[in-house]
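These notes concern the structure reproduced below.
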Amino acid sequence: MAEFNRGNLHAQTVGGQDALAVQIATRAGSISGGQTALTVNIQKTEDGIMVELGEQAWLGVAASLGQTAWAALRNPFSLLSRLDDLAQDVENIQLGDRVWKLIDRTIATFGASRELSDRFARLTCDFCGVANPVGEGACLACGAPLGDAQPTTCANCGFVVRGDEAVCPNCGRRLR
C-alpha cells in the first residue's frame with residue numbers, strides 16, 4: 001500500500017484474508033498527468049497465493065499524452081510547461097510493471113517463488129510421453145485421452161493428488 005499511496009496515486013484495499021483486491025488509481029483532482037486505475041487481485045489458494053492484475057484504465061493517460069503532443073506541435077516551447085504532465089503520464093504507463101516489481105521483491109523477501117506447485121505443472125501422456133497442461137482432455141501430441149492422468153483428491157483429507165500416486169502425500173492413506 002505504501003508504495004502506491006503517495007504522490008498522484010491513491011491505493012486502497014477491499015476484501016479480507018482469503019481474497020483481497022488492491023485498487024490503485026490517480027488521486028481525484030491531481031494537477032498533472034492523465035487519470036488511470038488498476039486493480040490487483042490477491043487470493044489464497046491451496047498451494048499458495050494467486051495474484052492477478054486487471055486491465056489498466058489508460059484512456060486518461062492517452063488523452064493527456066495527446067494534449068502534450070498537440071501543444072508541442074503548435075508551439076515546441078509549450079513542452080516545457082507540460083514536463084510534469086509528461087513525467088506523470090510515463091509513470092502511469094509503467095504502473096503494471098511497478099506492481100510486478102513490488103510482487104517480485106515481496107516474493108524474494110519471503111523466500112517464495114512464482115512457480116506453480118510441481119503437482120500442477122504438467123501431466124505426461126501414458127501413450128507418447130509428451131508433457132501436457134493439467135486439465136487438458138486429450139494429449140496435444142497424439143490425441144490420446146488424459147482422463148486417468150488428471151489429478152484427483154484424497155477421499156480421507158481432500159488433498160490434491162496425481163492420478164499415478166498410490167499413497168496420499170498429505171495423510172499417508174492408500175488411494176483407490
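FYI, nothing fancy with the C-alpha cells labels: chains A, B, ... in order, residues from 1 per chain, ligands from 1 as they appear.
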Margin query: Would you pick out the contacts of Asn170 (chain A) at 12 Å or less, using only C-alpha atoms, so that residues sharing its chain but fewer than 6 positions from it are not included, and give the list as number ranges by chain?
Written below: A: 153-161
Neighbours of Gly66 (chain A) within 12 Å (only C-alpha atoms; same-chain residues fewer than 4 positions away dropped), as a PDB file with N, CA and C atoms, in the first residue's frame?
```pdb
ATOM      1  N   GLY A  33      -0.678  15.028 -15.272  1.00  0.00           N
ATOM      2  CA  GLY A  33      -0.886  13.710 -15.864  1.00  0.00           C
ATOM      3  C   GLY A  33      -2.348  13.355 -16.041  1.00  0.00           C
ATOM      4  N   GLY A  34      -2.557  12.266 -16.764  1.00  0.00           N
ATOM      5  CA  GLY A  34      -3.921  11.793 -17.008  1.00  0.00           C
ATOM      6  C   GLY A  34      -4.374  10.823 -15.938  1.00  0.00           C
ATOM      7  N   LEU A  59      -7.115   5.373 -20.794  1.00  0.00           N
ATOM      8  CA  LEU A  59      -7.677   6.399 -21.662  1.00  0.00           C
ATOM      9  C   LEU A  59      -7.310   7.810 -21.205  1.00  0.00           C
ATOM     10  N   GLY A  60      -7.330   8.068 -19.903  1.00  0.00           N
ATOM     11  CA  GLY A  60      -6.963   9.386 -19.383  1.00  0.00           C
ATOM     12  C   GLY A  60      -5.510   9.720 -19.656  1.00  0.00           C
ATOM     13  N   VAL A  61      -4.641   8.727 -19.537  1.00  0.00           N
ATOM     14  CA  VAL A  61      -3.219   8.926 -19.822  1.00  0.00           C
ATOM     15  C   VAL A  61      -3.027   9.206 -21.313  1.00  0.00           C
ATOM     16  N   ALA A  62      -3.739   8.462 -22.160  1.00  0.00           N
ATOM     17  CA  ALA A  62      -3.636   8.674 -23.609  1.00  0.00           C
ATOM     18  C   ALA A  62      -4.097  10.083 -23.979  1.00  0.00           C
ATOM     19  N   TRP A  70      -0.090  17.644 -29.004  1.00  0.00           N
ATOM     20  CA  TRP A  70      -0.741  18.718 -29.749  1.00  0.00           C
ATOM     21  C   TRP A  70      -0.133  20.073 -29.378  1.00  0.00           C
ATOM     22  N   ALA A  71       0.082  20.283 -28.091  1.00  0.00           N
ATOM     23  CA  ALA A  71       0.676  21.550 -27.637  1.00  0.00           C
ATOM     24  C   ALA A  71       2.091  21.705 -28.175  1.00  0.00           C
ATOM     25  N   ALA A  72       2.857  20.618 -28.214  1.00  0.00           N
ATOM     26  CA  ALA A  72       4.231  20.679 -28.718  1.00  0.00           C
ATOM     27  C   ALA A  72       4.263  20.946 -30.219  1.00  0.00           C
ATOM     28  N   LEU A  73       3.281  20.425 -30.960  1.00  0.00           N
ATOM     29  CA  LEU A  73       3.213  20.678 -32.398  1.00  0.00           C
ATOM     30  C   LEU A  73       2.896  22.151 -32.682  1.00  0.00           C
ATOM     31  N   ARG A  82       4.671  21.489 -19.891  1.00  0.00           N
ATOM     32  CA  ARG A  82       3.960  20.213 -19.736  1.00  0.00           C
ATOM     33  C   ARG A  82       4.887  19.087 -19.274  1.00  0.00           C
ATOM     34  N   ASP A  85       3.331  16.940 -16.551  1.00  0.00           N
ATOM     35  CA  ASP A  85       2.301  16.056 -17.113  1.00  0.00           C
ATOM     36  C   ASP A  85       2.931  14.870 -17.829  1.00  0.00           C
ATOM     37  N   LEU A  86       3.949  15.145 -18.612  1.00  0.00           N
ATOM     38  CA  LEU A  86       4.622  14.099 -19.380  1.00  0.00           C
ATOM     39  C   LEU A  86       5.268  13.079 -18.442  1.00  0.00           C
ATOM     40  N   ASP A  89       2.554  10.986 -16.825  1.00  0.00           N
ATOM     41  CA  ASP A  89       1.977  10.044 -17.790  1.00  0.00           C
ATOM     42  C   ASP A  89       2.886   8.837 -17.996  1.00  0.00           C
TER      43      ASP A  89
END
```
Notebook entry, point to check: Taking the backbone alone, and naming residues the way the document does, which bits of chain A are strand (DSSP E) by DSSP, as a ChimeraX atom specification?
Noted result: /A:9-15,19-26,37-45,48-53,123-124,131-132,152-153,160-161
For the selection just defined, write its residues with N, CA and C atoms to a file, as a compact mmCIF listing (two decimals), in the first residue's frame.
```txt
# COMPACT_ATOMS: atom_id res chain seq x y z
N LEU A 9 -0.85 9.07 -6.86
CA LEU A 9 -1.60 7.81 -6.79
C LEU A 9 -2.22 7.60 -5.42
N HIS A 10 -3.33 6.90 -5.41
CA HIS A 10 -4.03 6.54 -4.19
C HIS A 10 -4.30 5.04 -4.25
N ALA A 11 -4.04 4.33 -3.15
CA ALA A 11 -4.28 2.89 -3.11
C ALA A 11 -5.21 2.57 -1.95
N GLN A 12 -6.06 1.57 -2.15
CA GLN A 12 -6.96 1.11 -1.10
C GLN A 12 -7.18 -0.39 -1.26
N THR A 13 -7.53 -1.05 -0.17
CA THR A 13 -7.80 -2.49 -0.22
C THR A 13 -9.28 -2.75 0.03
N VAL A 14 -9.75 -3.81 -0.59
CA VAL A 14 -11.13 -4.26 -0.42
C VAL A 14 -11.08 -5.77 -0.25
N GLY A 15 -11.75 -6.30 0.76
CA GLY A 15 -11.79 -7.74 0.95
C GLY A 15 -11.22 -8.15 2.29
N ALA A 19 -9.24 -13.39 0.24
CA ALA A 19 -9.35 -12.73 -1.06
C ALA A 19 -9.29 -11.23 -0.84
N LEU A 20 -8.37 -10.60 -1.52
CA LEU A 20 -8.12 -9.18 -1.32
C LEU A 20 -7.94 -8.50 -2.68
N ALA A 21 -8.50 -7.33 -2.84
CA ALA A 21 -8.29 -6.54 -4.06
C ALA A 21 -7.63 -5.23 -3.64
N VAL A 22 -6.54 -4.89 -4.32
CA VAL A 22 -5.87 -3.62 -4.09
C VAL A 22 -6.17 -2.76 -5.31
N GLN A 23 -6.81 -1.64 -5.08
CA GLN A 23 -7.15 -0.73 -6.16
C GLN A 23 -6.19 0.45 -6.12
N ILE A 24 -5.53 0.69 -7.24
CA ILE A 24 -4.58 1.79 -7.36
C ILE A 24 -5.12 2.72 -8.44
N ALA A 25 -5.24 3.99 -8.11
CA ALA A 25 -5.80 4.95 -9.07
C ALA A 25 -5.17 6.31 -8.86
N THR A 26 -5.30 7.14 -9.87
CA THR A 26 -4.86 8.52 -9.77
C THR A 26 -5.77 9.24 -8.79
N ALA A 37 -6.20 3.80 -13.56
CA ALA A 37 -6.59 2.93 -12.45
C ALA A 37 -6.19 1.49 -12.79
N LEU A 38 -5.92 0.72 -11.73
CA LEU A 38 -5.51 -0.67 -11.89
C LEU A 38 -5.93 -1.43 -10.63
N THR A 39 -6.44 -2.65 -10.80
CA THR A 39 -6.82 -3.49 -9.67
C THR A 39 -5.92 -4.72 -9.63
N VAL A 40 -5.41 -5.02 -8.45
CA VAL A 40 -4.59 -6.21 -8.22
C VAL A 40 -5.40 -7.14 -7.31
N ASN A 41 -5.72 -8.33 -7.81
CA ASN A 41 -6.47 -9.32 -7.02
C ASN A 41 -5.49 -10.31 -6.42
N ILE A 42 -5.58 -10.51 -5.11
CA ILE A 42 -4.72 -11.45 -4.39
C ILE A 42 -5.64 -12.44 -3.69
N GLN A 43 -5.45 -13.73 -3.99
CA GLN A 43 -6.34 -14.74 -3.45
C GLN A 43 -5.53 -15.91 -2.91
N LYS A 44 -5.90 -16.37 -1.72
CA LYS A 44 -5.28 -17.52 -1.11
C LYS A 44 -5.77 -18.78 -1.81
N THR A 45 -4.85 -19.67 -2.18
CA THR A 45 -5.21 -20.94 -2.80
C THR A 45 -4.59 -22.07 -2.00
N GLY A 48 -0.75 -21.94 -2.31
CA GLY A 48 -0.07 -20.66 -2.13
C GLY A 48 -0.99 -19.50 -2.35
N ILE A 49 -0.52 -18.55 -3.15
CA ILE A 49 -1.27 -17.33 -3.40
C ILE A 49 -1.33 -17.09 -4.90
N MET A 50 -2.49 -16.64 -5.37
CA MET A 50 -2.64 -16.29 -6.77
C MET A 50 -2.78 -14.77 -6.87
N VAL A 51 -2.00 -14.16 -7.77
CA VAL A 51 -2.05 -12.72 -7.99
C VAL A 51 -2.43 -12.47 -9.44
N GLU A 52 -3.44 -11.61 -9.63
CA GLU A 52 -3.87 -11.24 -10.98
C GLU A 52 -3.94 -9.73 -11.07
N LEU A 53 -3.46 -9.21 -12.18
CA LEU A 53 -3.59 -7.78 -12.46
C LEU A 53 -4.74 -7.60 -13.43
N LEU A 123 1.18 -32.91 -16.87
CA LEU A 123 1.00 -34.36 -16.79
C LEU A 123 1.52 -34.98 -18.06
N THR A 124 1.99 -36.20 -17.93
CA THR A 124 2.62 -36.88 -19.05
C THR A 124 1.65 -37.88 -19.66
N ALA A 131 4.58 -34.06 -22.40
CA ALA A 131 4.02 -33.29 -21.29
C ALA A 131 2.85 -32.45 -21.79
N ASN A 132 1.78 -32.40 -21.01
CA ASN A 132 0.57 -31.65 -21.34
C ASN A 132 0.16 -30.81 -20.15
N THR A 152 -6.67 -35.90 -8.84
CA THR A 152 -7.92 -36.13 -8.11
C THR A 152 -7.67 -35.70 -6.66
N THR A 153 -8.59 -36.02 -5.77
CA THR A 153 -8.39 -35.68 -4.36
C THR A 153 -8.44 -36.93 -3.50
N VAL A 160 -5.05 -32.69 -2.99
CA VAL A 160 -5.00 -32.97 -4.42
C VAL A 160 -3.82 -33.90 -4.71
N VAL A 161 -4.12 -35.00 -5.41
CA VAL A 161 -3.09 -35.99 -5.74
C VAL A 161 -3.11 -36.27 -7.23
```
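Contact shell of Gly7 (chain A) at 10 Å (only C-alpha atoms; same-chain neighbours under 6 positions omitted): Thr26, Arg27, Ser30 and Gln88 of chain A.
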May I have the residues from that selection written out with N, CA and C atoms, as a PDB file, in the first residue's frame?
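Result went into result_30.pdb, see below:
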```pdb
ATOM      1  N   THR A  26      -5.297   7.144  -9.875  1.00  0.00           N
ATOM      2  CA  THR A  26      -4.860   8.523  -9.773  1.00  0.00           C
ATOM      3  C   THR A  26      -5.769   9.242  -8.787  1.00  0.00           C
ATOM      4  N   ARG A  27      -5.178  10.049  -7.943  1.00  0.00           N
ATOM      5  CA  ARG A  27      -5.972  10.810  -6.974  1.00  0.00           C
ATOM      6  C   ARG A  27      -6.930  11.745  -7.702  1.00  0.00           C
ATOM      7  N   SER A  30      -5.875  15.450  -9.227  1.00  0.00           N
ATOM      8  CA  SER A  30      -4.418  15.573  -9.380  1.00  0.00           C
ATOM      9  C   SER A  30      -4.116  16.611 -10.450  1.00  0.00           C
ATOM     10  N   GLN A  88       4.442  12.396 -15.326  1.00  0.00           N
ATOM     11  CA  GLN A  88       3.387  11.648 -14.636  1.00  0.00           C
ATOM     12  C   GLN A  88       2.744  10.625 -15.566  1.00  0.00           C
TER      13      GLN A  88
END
```
Margin query: According to DSSP computed on the backbone, where in chain A is there alpha helix (DSSP H)? Give the residues as a PyMOL selection string.
Written below: chain A and resi 59-74+83-93+95-110+118-121
Item checked: All residues 12 Å or closer to Pro145 (chain A), only C-alpha atoms, same chain fewer than 2 positions away omitted, as a PyMOL selection string -> chain A and resi 123-128+132+135-143+147-150
